[in-house]
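Here is the structure we will look at, set down as structure tokens.
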2 protein chains.
Amino acid sequence: MRHDLLLMPKTLPSTARSLPIALIRAREGVMSPIREMLSETGITEQQWRVLRVLAEYGRMDTKTLADRSSLLFPSLTRIAANMREKGYVTQTRDHKDRRRQFIEITQHGQKIIDDCAPQAARIVAGFKDTLGEDNYETLLDLLAMLDLGSQD
Amino acid sequence: MRHDLLLMPKTLPSTARSLPIALIRAREGVMSPIREMLSETGITEQQWRVLRVLAEYGRMDTKTLADRSSLLFPSLTRIAANMREKGYVTQTRDHKDRRRQFIEITQHGQKIIDDCAPQAARIVAGFKDTLGEDNYETLLDLLAMLDLGSQD
DNA sequence: GTTATTTCCTTAACATGTTAATTGTTGCGA
DNA sequence: TCGCAACAATTAACATGTTAAGGAAATAAC
């Protein structure tokens with residue numbers, strides 16, 4: 001049953017119990033070991049996300065890539081240009097609609113994924129171990145409920 | 001009972017079920033309405049966080065402020081300078097230890113909090129309503145488990 | 001007391017987040 | 001076909017995230 005928002009108190013929660021701050025801290029806790037792993041390769045966590053998506057789904061247009069890797073278009077423009085210069089991805093224009101473009105991972109980029117995958121998997125397993133399998137799945141489900149974009 | 005990490009699979013989860021990406025999307029979903037609210041005042045979400053912490057705990061040194069508002073020192077240096085120019089906070093040196101400094105919210109800054117508090121509270125209430133009170137508390141607890149800094 | 005170390009804070013450099021304005025294409029309707 | 005709305009992508013401008021280096025003040029070691 002839906003609560004009546006008009007009856008909700010108009011005081012803010014303590015910052016120690018704030019959802020936005022809790023999300024930031026959790027993200028920092030999760031990304032810290034991943035960033036540490038990536039620092040040896042010279043790529044950022046966002047570039048890692050792009051590689052992950054491209055490796056999983058293959059060649060795709062920029063809009064889809066931005067959506068799947070949770071990046072805004074301006075960020076992706078810079079990141080893609082950077083990664084293209086480093087040889088991790090290739091960019092090709094759509095001949096049918098020259099506004100659009102496709103991005104694909106290269107062998108060089110795939111090697112980064114392959115080299116880091118075992119350690120990344122161990123990091124993920126560590127968090128599953130910390131929370132427990134059930135809590136881990138519960139957390140993913142609850143987080144998905146906060147992602148309004150996924151409800152369309 | 002603790003799982004044996006050496007037995008964990010060495011394959012990465014689908015990006016659709018990735019914890020870092022889920023955290024990013026949840027954060028975006030939560031912050032979107034808050035950012036929309038703040039856009040009218042001209043302050044950013046980080047500046048809002050600083051004001052929230054200062055309003056709740058009062059005058060404090062920079063290190064504590066950075067910790068409570070989950071900001072890195074270099075970011076806080078810029079943000080504090082920016083907010084001081086706009087008259088939202090004041091910075092004073094510690095006479096006993098001239099390396100340290102204290103930051104305090106001004107009346108002008110407090111007014112921002114007061115003006116936005118009701119709407120911010122409604123936004124928070126909306127998310128509690130979306131998840132349900134129990135799930136909301138569960139989520140905060142699970143997120144806290146991922147914040148390694150809080151376990152010291 | 002002088003030097004080395006530590007601590008607090010700032011600055012620098014580069015990458016990204018965010019919003020708005022701009023450019024280049026496509027497709028559509030007068 | 002001309003003009004215009006819609007779309008994809010970029011660029012611009014400013015703020016923040018992140019790491020490393022620098023500077024100033026306090027503290028410890030000698």
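We label chains A, B, ... in the order they appear in the structure tokens, count residues from 1 in each chain, and number ligands from 1 in the order shown.
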* Asked: Within 10 Å of DA15 of chain D, counting only C-alpha atoms (C1' of nucleotides), which residues qualify if same-chain residues fewer than 3 places away don't, as a count of residues only?
  -> 7
* At a cut-off of 12 Å, list the chain C residues touching chain A, using only C-alpha atoms (C1' of nucleotides), as a ChimeraX atom specification. => /C:14-20,23-27
Wanna dump the segment 21-80 of chain A-segment 26-31 of chain B contacts at 10 Å for me, each residue with its shortest atom pair and the distance in Å to one decimal, counting only C-alpha atoms, ordered by chain and number, as a Markdown table?
```
| residue | atom | partner | partner_atom | distance |
| --- | --- | --- | --- | --- |
| A:Ile21 | CA | B:Arg27 | CA | 9.1 |
| A:Ala22 | CA | B:Arg27 | CA | 9.4 |
| A:Leu23 | CA | B:Arg27 | CA | 6.1 |
| A:Ile24 | CA | B:Arg27 | CA | 7.5 |
| A:Arg27 | CA | B:Arg27 | CA | 9.2 |
| A:Ser70 | CA | B:Glu28 | CA | 9.4 |
```
Resulting file, chosen residues, C-alpha atoms, as a PDB file, in the first residue's frame:
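Below is the file out_23.pdb, written as the result:
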```
ATOM      1  CA  ILE A  21      26.118   9.516   0.850  1.00  0.00           C
ATOM      2  CA  ALA A  22      25.778   5.798   1.548  1.00  0.00           C
ATOM      3  CA  LEU A  23      25.808   5.152  -2.192  1.00  0.00           C
ATOM      4  CA  ILE A  24      28.930   7.236  -2.648  1.00  0.00           C
ATOM      5  CA  ARG A  27      30.852   2.852  -4.519  1.00  0.00           C
ATOM      6  CA  SER A  70      26.332   4.375 -17.800  1.00  0.00           C
TER       7      SER A  70
END
```
* So which bits of segment 6-130 of chain A end up strand (DSSP E or B) when you DSSP the backbone, as a count of residues only? -> 12
* Asked: Got a sec to pull out which chain B residues are within 8 Å of chain A, counting only C-alpha atoms, and send them as a count of residues only?
  -> 55
Return as a compact mmCIF listing (two decimals) with C-alpha atoms, in the first residue's frame the full set of residues in chain B whose backbone-based DSSP assignment is helix (DSSP H, G or I).
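So the final result, stored in result.txt, reads:
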```txt
# COMPACT_ATOMS: atom_id res chain seq x y z
CA LEU B 5 38.00 -17.64 -2.76
CA LEU B 6 40.29 -19.95 -4.68
CA LEU B 7 37.28 -21.94 -5.80
CA THR B 15 27.69 -5.82 -16.86
CA ALA B 16 23.92 -5.92 -16.45
CA ARG B 17 24.53 -7.51 -13.03
CA LEU B 19 27.78 -4.12 -8.60
CA PRO B 20 29.80 -0.99 -9.54
CA ILE B 21 27.47 -0.21 -12.42
CA ALA B 22 24.41 -0.86 -10.26
CA LEU B 23 25.78 1.58 -7.68
CA ILE B 24 26.35 4.23 -10.33
CA ARG B 25 22.85 3.89 -11.73
CA ALA B 26 21.22 3.89 -8.32
CA ARG B 27 23.16 6.99 -7.39
CA GLU B 28 22.09 8.67 -10.58
CA GLY B 29 18.47 7.73 -9.93
CA VAL B 30 18.63 9.15 -6.42
CA MET B 31 20.58 12.28 -7.24
CA SER B 32 18.62 13.25 -10.34
CA PRO B 33 15.65 14.82 -8.50
CA ILE B 34 17.98 16.33 -5.90
CA ARG B 35 20.12 17.92 -8.59
CA GLU B 36 16.97 19.23 -10.22
CA MET B 37 15.98 20.84 -6.94
CA LEU B 38 19.43 22.32 -6.41
CA SER B 39 19.70 23.72 -9.93
CA GLU B 45 25.26 18.34 -5.02
CA GLN B 46 28.70 18.36 -3.36
CA GLN B 47 28.16 21.87 -2.01
CA TRP B 48 24.77 20.71 -0.76
CA ARG B 49 26.46 17.83 1.03
CA VAL B 50 28.91 20.21 2.71
CA LEU B 51 26.08 22.46 3.83
CA ARG B 52 24.13 19.48 5.15
CA VAL B 53 27.07 18.29 7.26
CA LEU B 54 27.86 21.77 8.58
CA ALA B 55 24.23 22.41 9.45
CA GLU B 56 23.99 19.13 11.31
CA TYR B 57 27.26 19.11 13.26
CA THR B 62 38.52 20.50 7.37
CA LYS B 63 39.58 16.90 7.84
CA THR B 64 36.43 16.01 9.70
CA LEU B 65 34.33 17.87 7.17
CA ALA B 66 35.95 16.02 4.29
CA ASP B 67 35.35 12.70 5.99
CA ARG B 68 31.72 13.37 6.88
CA PHE B 73 40.85 16.93 0.26
CA PRO B 74 41.69 18.53 -3.09
CA SER B 75 38.00 18.67 -3.94
CA LEU B 76 37.13 20.20 -0.60
CA THR B 77 39.82 22.86 -1.01
CA ARG B 78 38.19 24.06 -4.22
CA ILE B 79 34.64 23.68 -2.98
CA ALA B 80 35.34 25.54 0.27
CA ALA B 81 37.04 28.40 -1.58
CA ASN B 82 34.08 28.60 -3.94
CA MET B 83 31.53 28.55 -1.12
CA ARG B 84 33.47 31.13 0.87
CA GLU B 85 33.38 33.52 -2.10
CA GLN B 107 23.25 32.47 7.81
CA HIS B 108 23.21 32.69 4.04
CA GLY B 109 24.20 29.03 3.82
CA GLN B 110 21.70 28.00 6.48
CA LYS B 111 18.95 29.68 4.52
CA ILE B 112 19.68 27.40 1.56
CA ILE B 113 19.23 24.41 3.83
CA ASP B 114 16.04 25.75 5.33
CA ASP B 115 14.55 26.61 1.96
CA CYS B 116 15.31 23.23 0.41
CA ALA B 117 14.74 20.96 3.41
CA PRO B 118 11.01 20.38 2.86
CA GLN B 119 11.40 19.44 -0.79
CA ALA B 120 14.49 17.32 -0.04
CA ALA B 121 12.56 15.51 2.66
CA ARG B 122 9.77 14.80 0.19
CA ILE B 123 12.29 13.35 -2.26
CA VAL B 124 13.75 11.09 0.41
CA ALA B 125 10.26 10.05 1.46
CA GLY B 126 9.53 9.19 -2.15
CA PHE B 127 12.40 6.74 -2.26
CA LYS B 128 11.39 5.22 1.05
CA ASP B 129 7.97 4.81 -0.43
CA THR B 130 9.36 3.19 -3.57
CA LEU B 131 11.43 0.65 -1.68
CA GLU B 133 10.59 1.17 4.92
CA ASP B 134 12.16 -2.23 5.60
CA ASN B 135 13.94 -2.45 2.27
CA TYR B 136 15.18 1.09 2.70
CA GLU B 137 16.83 0.27 6.02
CA THR B 138 18.18 -2.99 4.64
CA LEU B 139 19.71 -1.17 1.73
CA LEU B 140 21.47 1.32 4.00
CA ASP B 141 22.84 -1.54 6.09
CA LEU B 142 24.12 -3.45 3.08
CA LEU B 143 25.72 -0.34 1.61
CA ALA B 144 27.46 0.30 4.91
CA MET B 145 28.99 -3.16 4.72
CA LEU B 146 30.67 -2.18 1.46
CA LEU B 148 35.50 -0.46 4.15
CA GLY B 149 36.50 2.86 5.70
CA SER B 150 33.74 2.57 8.28
CA GLN B 151 35.01 -0.73 9.66
```
* To one decimal place, how far is atom CA of Thr90 of chain B from atom C1' of DA12 of chain C in Å? -> 25.2 Å
* Counting only C-alpha atoms (C1' of nucleotides), collect the residues of chain D whose closest atom lies at most 9 Å from chain B, and write them out as number ranges by chain. => D: 15-18, 24-26
Save the residues we just selected, N, CA and C atoms (P, O5', C5', C4', C3', O3' and C1' of nucleotides), as a PDB file, in the first residue's frame?
```pdb
ATOM      1  P    DA D  15      32.665  26.898 -11.409  1.00  0.00           P
ATOM      2  O5'  DA D  15      32.503  25.396 -10.894  1.00  0.00           O
ATOM      3  C5'  DA D  15      31.209  24.809 -10.859  1.00  0.00           C
ATOM      4  C4'  DA D  15      31.334  23.350 -10.482  1.00  0.00           C
ATOM      5  C3'  DA D  15      32.282  23.073  -9.309  1.00  0.00           C
ATOM      6  O3'  DA D  15      31.633  22.264  -8.339  1.00  0.00           O
ATOM      7  C1'  DA D  15      32.860  21.732 -11.180  1.00  0.00           C
ATOM      8  P    DT D  16      32.360  21.844  -7.044  1.00  0.00           P
ATOM      9  O5'  DT D  16      32.847  20.360  -7.382  1.00  0.00           O
ATOM     10  C5'  DT D  16      31.881  19.386  -7.725  1.00  0.00           C
ATOM     11  C4'  DT D  16      32.549  18.111  -8.187  1.00  0.00           C
ATOM     12  C3'  DT D  16      33.469  17.461  -7.145  1.00  0.00           C
ATOM     13  O3'  DT D  16      32.999  16.152  -6.899  1.00  0.00           O
ATOM     14  C1'  DT D  16      34.491  17.549  -9.279  1.00  0.00           C
ATOM     15  P    DG D  17      33.845  15.139  -6.003  1.00  0.00           P
ATOM     16  O5'  DG D  17      34.710  14.321  -7.053  1.00  0.00           O
ATOM     17  C5'  DG D  17      34.073  13.341  -7.872  1.00  0.00           C
ATOM     18  C4'  DG D  17      35.088  12.358  -8.446  1.00  0.00           C
ATOM     19  C3'  DG D  17      35.991  11.676  -7.420  1.00  0.00           C
ATOM     20  O3'  DG D  17      36.274  10.352  -7.860  1.00  0.00           O
ATOM     21  C1'  DG D  17      37.320  12.954  -8.908  1.00  0.00           C
ATOM     22  P    DT D  18      36.975   9.316  -6.930  1.00  0.00           P
ATOM     23  O5'  DT D  18      38.512   9.479  -7.303  1.00  0.00           O
ATOM     24  C5'  DT D  18      38.945   9.171  -8.628  1.00  0.00           C
ATOM     25  C4'  DT D  18      40.420   9.459  -8.778  1.00  0.00           C
ATOM     26  C3'  DT D  18      41.280   9.118  -7.555  1.00  0.00           C
ATOM     27  O3'  DT D  18      42.119   8.039  -7.878  1.00  0.00           O
ATOM     28  C1'  DT D  18      41.901  11.204  -8.540  1.00  0.00           C
ATOM     29  P    DA D  24      55.987  28.121   1.794  1.00  0.00           P
ATOM     30  O5'  DA D  24      55.246  27.978   3.193  1.00  0.00           O
ATOM     31  C5'  DA D  24      53.822  28.094   3.244  1.00  0.00           C
ATOM     32  C4'  DA D  24      53.310  27.501   4.545  1.00  0.00           C
ATOM     33  C3'  DA D  24      54.157  27.873   5.771  1.00  0.00           C
ATOM     34  O3'  DA D  24      53.309  28.245   6.836  1.00  0.00           O
ATOM     35  C1'  DA D  24      53.934  25.530   5.613  1.00  0.00           C
ATOM     36  P    DA D  25      53.914  28.968   8.104  1.00  0.00           P
ATOM     37  O5'  DA D  25      53.589  27.935   9.276  1.00  0.00           O
ATOM     38  C5'  DA D  25      52.239  27.503   9.448  1.00  0.00           C
ATOM     39  C4'  DA D  25      52.213  26.221  10.243  1.00  0.00           C
ATOM     40  C3'  DA D  25      52.944  26.296  11.600  1.00  0.00           C
ATOM     41  O3'  DA D  25      52.065  25.877  12.624  1.00  0.00           O
ATOM     42  C1'  DA D  25      53.625  24.377  10.375  1.00  0.00           C
ATOM     43  P    DA D  26      52.439  26.126  14.141  1.00  0.00           P
ATOM     44  O5'  DA D  26      52.691  24.635  14.674  1.00  0.00           O
ATOM     45  C5'  DA D  26      51.588  23.732  14.660  1.00  0.00           C
ATOM     46  C4'  DA D  26      52.107  22.307  14.745  1.00  0.00           C
ATOM     47  C3'  DA D  26      52.802  21.937  16.063  1.00  0.00           C
ATOM     48  O3'  DA D  26      52.168  20.807  16.617  1.00  0.00           O
ATOM     49  C1'  DA D  26      54.079  21.236  14.193  1.00  0.00           C
TER      50       DA D  26
END
```
* Neighbours of DT27 of chain D within 10 Å (only C-alpha atoms (C1' of nucleotides); same-chain residues fewer than 6 positions away dropped), as number ranges by chain? -> C: 5-7
Hey, can you spit out that residue selection with N, CA and C atoms (P, O5', C5', C4', C3', O3' and C1' of nucleotides) as a PDB file, in the first residue's frame?
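Output below, filename selection-v4.pdb:
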```
ATOM      1  P    DT C   5      63.916  11.322   7.497  1.00  0.00           P
ATOM      2  O5'  DT C   5      62.483  11.371   8.183  1.00  0.00           O
ATOM      3  C5'  DT C   5      62.384  11.067   9.572  1.00  0.00           C
ATOM      4  C4'  DT C   5      61.018  11.482  10.092  1.00  0.00           C
ATOM      5  C3'  DT C   5      59.854  11.107   9.158  1.00  0.00           C
ATOM      6  O3'  DT C   5      58.979  10.238   9.855  1.00  0.00           O
ATOM      7  C1'  DT C   5      59.636  13.333   9.968  1.00  0.00           C
ATOM      8  P    DT C   6      57.726   9.578   9.054  1.00  0.00           P
ATOM      9  O5'  DT C   6      56.503  10.494   9.540  1.00  0.00           O
ATOM     10  C5'  DT C   6      56.378  10.785  10.931  1.00  0.00           C
ATOM     11  C4'  DT C   6      55.367  11.900  11.141  1.00  0.00           C
ATOM     12  C3'  DT C   6      54.059  11.715  10.357  1.00  0.00           C
ATOM     13  O3'  DT C   6      52.986  11.668  11.278  1.00  0.00           O
ATOM     14  C1'  DT C   6      54.875  13.932  10.148  1.00  0.00           C
ATOM     15  P    DT C   7      51.499  11.348  10.770  1.00  0.00           P
ATOM     16  O5'  DT C   7      50.837  12.792  10.608  1.00  0.00           O
ATOM     17  C5'  DT C   7      50.927  13.708  11.687  1.00  0.00           C
ATOM     18  C4'  DT C   7      50.369  15.054  11.269  1.00  0.00           C
ATOM     19  C3'  DT C   7      49.089  14.980  10.414  1.00  0.00           C
ATOM     20  O3'  DT C   7      48.099  15.796  10.993  1.00  0.00           O
ATOM     21  C1'  DT C   7      50.672  16.416   9.412  1.00  0.00           C
TER      22       DT C   7
END
```
* Just the residues within 12 Å of DA21 of chain D, please, counting only C-alpha atoms (C1' of nucleotides), with nothing from its chain fewer than 3 positions along; format it as a list in words. =>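 In the requested form, the answer reads DT10, DT11, DA12 and DA13 of chain C.
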Take the residues just selected and output them with N, CA and C atoms (P, O5', C5', C4', C3', O3' and C1' of nucleotides) as a PDB file, in the first residue's frame.
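As written to disk, selection-v5.pdb reads:
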```
ATOM      1  P    DT C  10      43.323  24.817   2.118  1.00  0.00           P
ATOM      2  O5'  DT C  10      44.414  24.841   0.968  1.00  0.00           O
ATOM      3  C5'  DT C  10      45.625  25.578   1.163  1.00  0.00           C
ATOM      4  C4'  DT C  10      46.553  25.365  -0.011  1.00  0.00           C
ATOM      5  C3'  DT C  10      45.923  25.604  -1.393  1.00  0.00           C
ATOM      6  O3'  DT C  10      46.630  26.661  -2.019  1.00  0.00           O
ATOM      7  C1'  DT C  10      47.175  23.582  -1.343  1.00  0.00           C
ATOM      8  P    DT C  11      46.071  27.237  -3.401  1.00  0.00           P
ATOM      9  O5'  DT C  11      46.893  26.413  -4.509  1.00  0.00           O
ATOM     10  C5'  DT C  11      48.314  26.395  -4.454  1.00  0.00           C
ATOM     11  C4'  DT C  11      48.864  25.416  -5.463  1.00  0.00           C
ATOM     12  C3'  DT C  11      48.280  25.525  -6.881  1.00  0.00           C
ATOM     13  O3'  DT C  11      49.347  25.817  -7.778  1.00  0.00           O
ATOM     14  C1'  DT C  11      48.368  23.265  -6.149  1.00  0.00           C
ATOM     15  P    DA C  12      49.021  26.009  -9.351  1.00  0.00           P
ATOM     16  O5'  DA C  12      49.294  24.547  -9.933  1.00  0.00           O
ATOM     17  C5'  DA C  12      50.428  23.835  -9.489  1.00  0.00           C
ATOM     18  C4'  DA C  12      50.587  22.544 -10.277  1.00  0.00           C
ATOM     19  C3'  DA C  12      50.015  22.574 -11.693  1.00  0.00           C
ATOM     20  O3'  DA C  12      50.900  21.858 -12.546  1.00  0.00           O
ATOM     21  C1'  DA C  12      48.994  20.834 -10.465  1.00  0.00           C
ATOM     22  P    DA C  13      50.789  21.976 -14.124  1.00  0.00           P
ATOM     23  O5'  DA C  13      50.163  20.568 -14.543  1.00  0.00           O
ATOM     24  C5'  DA C  13      50.756  19.388 -14.056  1.00  0.00           C
ATOM     25  C4'  DA C  13      49.907  18.196 -14.428  1.00  0.00           C
ATOM     26  C3'  DA C  13      49.195  18.326 -15.779  1.00  0.00           C
ATOM     27  O3'  DA C  13      49.363  17.128 -16.518  1.00  0.00           O
ATOM     28  C1'  DA C  13      47.647  17.775 -14.095  1.00  0.00           C
TER      29       DA C  13
END
```
